[in-house]
$ cat my_file00.cif   # mmCIF, C-alpha atoms
data_start
loop_
_atom_site.label_atom_id
_atom_site.label_comp_id
_atom_site.auth_asym_id
_atom_site.auth_seq_id
_atom_site.Cartn_x
_atom_site.Cartn_y
_atom_site.Cartn_z
CA MET W 1020 12.77 11.91 8.41
CA ILE W 1021 12.23 12.46 4.74
CA ARG W 1022 9.02 14.26 3.74
CA SER W 1023 7.67 12.77 0.52
CA ASN W 1024 5.03 10.22 -0.42
CA VAL W 1025 7.81 8.05 -1.80
CA PHE W 1026 9.24 7.60 1.71
CA ASN W 1027 6.01 6.92 3.63
CA TYR W 1028 6.85 3.27 4.31
CA VAL W 1029 10.46 4.11 5.14
CA ASN W 1030 9.30 6.69 7.69
CA VAL W 1031 6.89 4.21 9.33
CA LEU W 1032 9.62 1.56 9.39
CA ASP W 1033 11.96 4.13 10.94
CA LYS W 1034 9.47 4.80 13.76
CA SER W 1035 8.94 1.05 14.18
CA MET W 1036 12.67 0.44 14.39
CA ASP W 1037 12.98 3.18 17.02
CA ALA W 1038 10.27 1.46 19.07
CA ALA W 1039 12.01 -1.92 18.67
CA TRP W 1040 15.26 -0.33 19.87
CA ILE W 1041 13.49 1.05 22.96
CA ARG W 1042 11.87 -2.35 23.59
CA ASN W 1043 15.31 -3.97 23.36
CA GLU W 1044 16.60 -1.60 26.06
CA ILE W 1045 13.54 -2.22 28.26
CA ILE W 1046 13.83 -6.00 27.95
CA SER W 1047 17.55 -5.80 28.74
CA ASN W 1048 16.67 -3.74 31.83
CA ASN W 1049 14.09 -6.36 32.84
CA ILE W 1050 16.73 -9.09 32.53
CA ALA W 1051 19.21 -7.03 34.55
CA ASN W 1052 16.60 -6.65 37.33
CA ALA W 1053 15.46 -10.27 37.34
CA ASP W 1054 16.78 -10.71 40.90
CA THR W 1055 15.72 -7.30 42.24
CA PRO W 1056 13.04 -7.76 44.93
CA GLY W 1057 9.76 -6.03 44.08
CA TYR W 1058 10.81 -5.13 40.53
CA LYS W 1059 7.97 -5.19 38.00
CA ARG W 1060 8.73 -5.85 34.35
CA GLN W 1061 8.22 -3.10 31.81
CA ASP W 1062 7.35 -3.06 28.12
CA ILE W 1063 6.15 -0.63 25.46
CA ASP W 1064 3.03 -0.56 23.36
CA PHE W 1065 3.93 0.62 19.87
CA GLU W 1066 1.87 -1.88 17.93
CA GLY W 1067 -1.34 -0.64 19.56
CA VAL W 1068 -0.46 2.97 18.79
CA LEU W 1069 0.30 2.10 15.15
CA ARG W 1070 -2.89 0.06 14.81
CA ARG W 1071 -4.95 2.93 16.23
CA GLU W 1072 -3.31 5.50 13.95
CA LEU W 1073 -3.76 3.35 10.84
CA GLY W 1074 -7.45 3.02 11.62
CA ASN W 1075 -9.82 0.11 11.25
CA SER W 1076 -11.39 0.85 7.88
CA LYS W 1077 -11.31 -2.31 5.82
CA TYR W 1078 -12.24 -0.35 2.68
CA THR W 1079 -9.11 1.81 2.71
CA SER W 1080 -5.89 0.53 1.17
CA VAL W 1081 -2.74 0.20 3.27
CA ASP W 1082 -1.06 2.76 0.99
CA ALA W 1083 -3.80 5.29 1.76
CA LYS W 1084 -3.60 4.54 5.47
CA VAL W 1085 0.18 4.96 5.56
CA ASP W 1086 -0.09 8.14 3.46
CA GLY W 1087 -2.51 9.62 6.00
CA LEU W 1088 -0.40 8.84 9.07
CA GLN W 1089 0.75 11.65 11.29
CA LEU W 1090 4.24 10.45 12.21
CA GLY W 1091 4.41 12.72 15.24
CA ARG W 1092 1.61 10.70 16.84
CA LEU W 1093 3.53 7.40 16.55
CA LYS W 1094 5.06 7.50 20.02
CA PRO W 1095 5.40 4.25 21.93
CA ARG W 1096 3.83 4.12 25.37
CA THR W 1097 5.97 2.60 28.12
CA TYR W 1098 4.09 0.75 30.83
CA THR W 1099 4.86 -1.27 33.95
CA ASP W 1100 3.31 -4.70 34.06
CA TYR W 1101 1.64 -4.80 37.48
CA ALA W 1102 -1.09 -7.19 36.36
CA ASN W 1103 1.34 -10.03 35.75
CA PHE W 1104 1.06 -12.32 38.76
CA SER W 1105 4.29 -13.09 40.55
CA TYR W 1106 4.96 -16.60 41.80
CA ARG W 1107 8.00 -15.41 43.68
CA MET W 1108 8.04 -14.40 47.33
CA ASP W 1109 9.96 -11.18 46.57
CA ARG W 1110 7.08 -9.87 44.31
CA ASN W 1111 9.38 -9.64 41.28
CA ASN W 1112 7.44 -10.65 38.15
CA VAL W 1113 10.33 -11.03 35.68
CA ASP W 1114 10.59 -14.48 34.11
CA ILE W 1115 14.09 -14.67 32.67
CA ASP W 1116 13.17 -17.31 30.08
CA THR W 1117 10.23 -15.27 28.77
CA GLU W 1118 12.34 -12.12 28.63
CA ASN W 1119 15.06 -13.92 26.64
CA VAL W 1120 12.48 -15.19 24.15
CA MET W 1121 11.02 -11.69 23.84
CA LEU W 1122 14.50 -10.26 23.31
CA ALA W 1123 15.22 -12.75 20.50
CA SER W 1124 11.81 -12.11 18.93
CA ASN W 1125 12.34 -8.36 19.08
CA GLN W 1126 15.75 -8.71 17.44
CA LEU W 1127 14.21 -10.73 14.60
CA LYS W 1128 11.56 -8.04 14.10
CA TYR W 1129 14.23 -5.33 14.07
CA ASN W 1130 16.26 -7.23 11.48
CA ALA W 1131 13.16 -7.73 9.32
CA MET W 1132 12.36 -4.01 9.46
CA MET W 1133 15.96 -3.21 8.53
CA ALA W 1134 15.64 -5.53 5.53
CA GLY W 1135 12.39 -3.74 4.61
CA VAL W 1136 14.11 -0.34 4.65
CA LYS W 1137 16.95 -1.75 2.58
CA GLN W 1138 14.42 -3.13 0.05
CA GLU W 1139 12.57 0.20 -0.16
CA PHE W 1140 15.80 2.03 -0.98
CA SER W 1141 16.76 -0.69 -3.44
CA ASN W 1142 13.40 -0.17 -5.18
CA LEU W 1143 13.97 3.59 -5.28
CA ARG W 1144 17.43 3.10 -6.74
CA LEU W 1145 15.99 0.80 -9.40
CA VAL W 1146 13.30 3.34 -10.33
CA THR W 1147 15.76 6.21 -10.62
CA LYS W 1148 18.06 4.34 -13.03
#

$ encode --input "my_file00.cif" --output "structure tokens"
Amino acid sequence: MIRSNVFNYVNVLDKSMDAAWIRNEIISNNIANADTPGYKRQDIDFEGVLRRELGNSKYTSVDAKVDGLQLGRLKPRTYTDYANFSYRMDRNNVDIDTENVMLASNQLKYNAMMAGVKQEFSNLRLVTK
């Protein structure tokens, strides 16, 4: 990661893209285990970690919040979804249709973050000309 105030948003987007990549792998694993008896779906919580690290102060600008982030604390938390009720007799709680929608949604988010990084570097290139 690049250490400069200029790259604060790029660094946060980088961490977010890493989390989206991990979520993609987890969702793919859920889909692969859709027929495994007793398997419980997994997911990660990065959004909650980011929200907590940014803080809840409504009087602080987003720039100030991002500037104050400690990037080392932005680590996604993987969890197993035991609370999700299973309608199946084999106690597997993976719904293939839901997982496919989540996979597509996650891919869209990843592509949007990639476009954001590209735009940030485009802005930097424009400023340095």

$ residues_around --input "my_file00.cif" --residues "Met1108 (chain W)" --least-positions-apart "6" --cutoff "12 Å" --atoms "all atoms listed in the file" --output "PyMOL selection string"
chain W and resi 1054-1058

$ resolve_selection --input "my_file00.cif" --expression "the PyMOL selection byres ((chain W and resi 1035) around 12)" --output "PyMOL selection string"
chain W and resi 1028-1034+1036-1042+1063-1070+1090+1093-1095+1125+1128-1133+1135-1136

$ write_last_selection --input "my_file00.cif" --atoms "C-alpha atoms" --output "CSV table (one decimal), in the coordinates of the input"
chain,number,residue,atom,x,y,z
W,1028,TYR,CA,6.8,3.3,4.3
W,1029,VAL,CA,10.5,4.1,5.1
W,1030,ASN,CA,9.3,6.7,7.7
W,1031,VAL,CA,6.9,4.2,9.3
W,1032,LEU,CA,9.6,1.6,9.4
W,1033,ASP,CA,12.0,4.1,10.9
W,1034,LYS,CA,9.5,4.8,13.8
W,1036,MET,CA,12.7,0.4,14.4
W,1037,ASP,CA,13.0,3.2,17.0
W,1038,ALA,CA,10.3,1.5,19.1
W,1039,ALA,CA,12.0,-1.9,18.7
W,1040,TRP,CA,15.3,-0.3,19.9
W,1041,ILE,CA,13.5,1.0,23.0
W,1042,ARG,CA,11.9,-2.4,23.6
W,1063,ILE,CA,6.2,-0.6,25.5
W,1064,ASP,CA,3.0,-0.6,23.4
W,1065,PHE,CA,3.9,0.6,19.9
W,1066,GLU,CA,1.9,-1.9,17.9
W,1067,GLY,CA,-1.3,-0.6,19.6
W,1068,VAL,CA,-0.5,3.0,18.8
W,1069,LEU,CA,0.3,2.1,15.2
W,1070,ARG,CA,-2.9,0.1,14.8
W,1090,LEU,CA,4.2,10.4,12.2
W,1093,LEU,CA,3.5,7.4,16.6
W,1094,LYS,CA,5.1,7.5,20.0
W,1095,PRO,CA,5.4,4.2,21.9
W,1125,ASN,CA,12.3,-8.4,19.1
W,1128,LYS,CA,11.6,-8.0,14.1
W,1129,TYR,CA,14.2,-5.3,14.1
W,1130,ASN,CA,16.3,-7.2,11.5
W,1131,ALA,CA,13.2,-7.7,9.3
W,1132,MET,CA,12.4,-4.0,9.5
W,1133,MET,CA,16.0,-3.2,8.5
W,1135,GLY,CA,12.4,-3.7,4.6
W,1136,VAL,CA,14.1,-0.3,4.6

$ atom_distance --input "my_file00.cif" --atom1 "CA of Ala1051 (chain W)" --atom2 "CA of Leu1122 (chain W)"
12.6 Å

$ resolve_selection --input "my_file00.cif" --expression "the PyMOL selection byres ((chain W and resi 1088) around 10)" --output "list in words"
Asn1027, Val1031, Leu1069, Glu1072, Leu1073, Gly1074, Ala1083, Lys1084, Val1085, Asp1086, Gly1087, Gln1089, Leu1090, Gly1091, Arg1092 and Leu1093 of chain W

$ residues_around --input "my_file00.cif" --residues "Glu1118 (chain W)" --least-positions-apart "6" --cutoff "12 Å" --atoms "only C-alpha atoms" --output "PDB file with C-alpha atoms, keeping the file's coordinate frame"
ATOM      1  CA  ARG W1042      11.870  -2.350  23.590  1.00  0.00           C
ATOM      2  CA  ASN W1043      15.310  -3.970  23.360  1.00  0.00           C
ATOM      3  CA  GLU W1044      16.600  -1.600  26.060  1.00  0.00           C
ATOM      4  CA  ILE W1045      13.540  -2.220  28.260  1.00  0.00           C
ATOM      5  CA  ILE W1046      13.830  -6.000  27.950  1.00  0.00           C
ATOM      6  CA  SER W1047      17.550  -5.800  28.740  1.00  0.00           C
ATOM      7  CA  ASN W1048      16.670  -3.740  31.830  1.00  0.00           C
ATOM      8  CA  ASN W1049      14.090  -6.360  32.840  1.00  0.00           C
ATOM      9  CA  ILE W1050      16.730  -9.090  32.530  1.00  0.00           C
ATOM     10  CA  ALA W1051      19.210  -7.030  34.550  1.00  0.00           C
ATOM     11  CA  ASN W1052      16.600  -6.650  37.330  1.00  0.00           C
ATOM     12  CA  ALA W1053      15.460 -10.270  37.340  1.00  0.00           C
ATOM     13  CA  ARG W1060       8.730  -5.850  34.350  1.00  0.00           C
ATOM     14  CA  GLN W1061       8.220  -3.100  31.810  1.00  0.00           C
ATOM     15  CA  ASP W1062       7.350  -3.060  28.120  1.00  0.00           C
ATOM     16  CA  ASN W1112       7.440 -10.650  38.150  1.00  0.00           C
ATOM     17  CA  SER W1124      11.810 -12.110  18.930  1.00  0.00           C
ATOM     18  CA  ASN W1125      12.340  -8.360  19.080  1.00  0.00           C
TER      19      ASN W1125
END
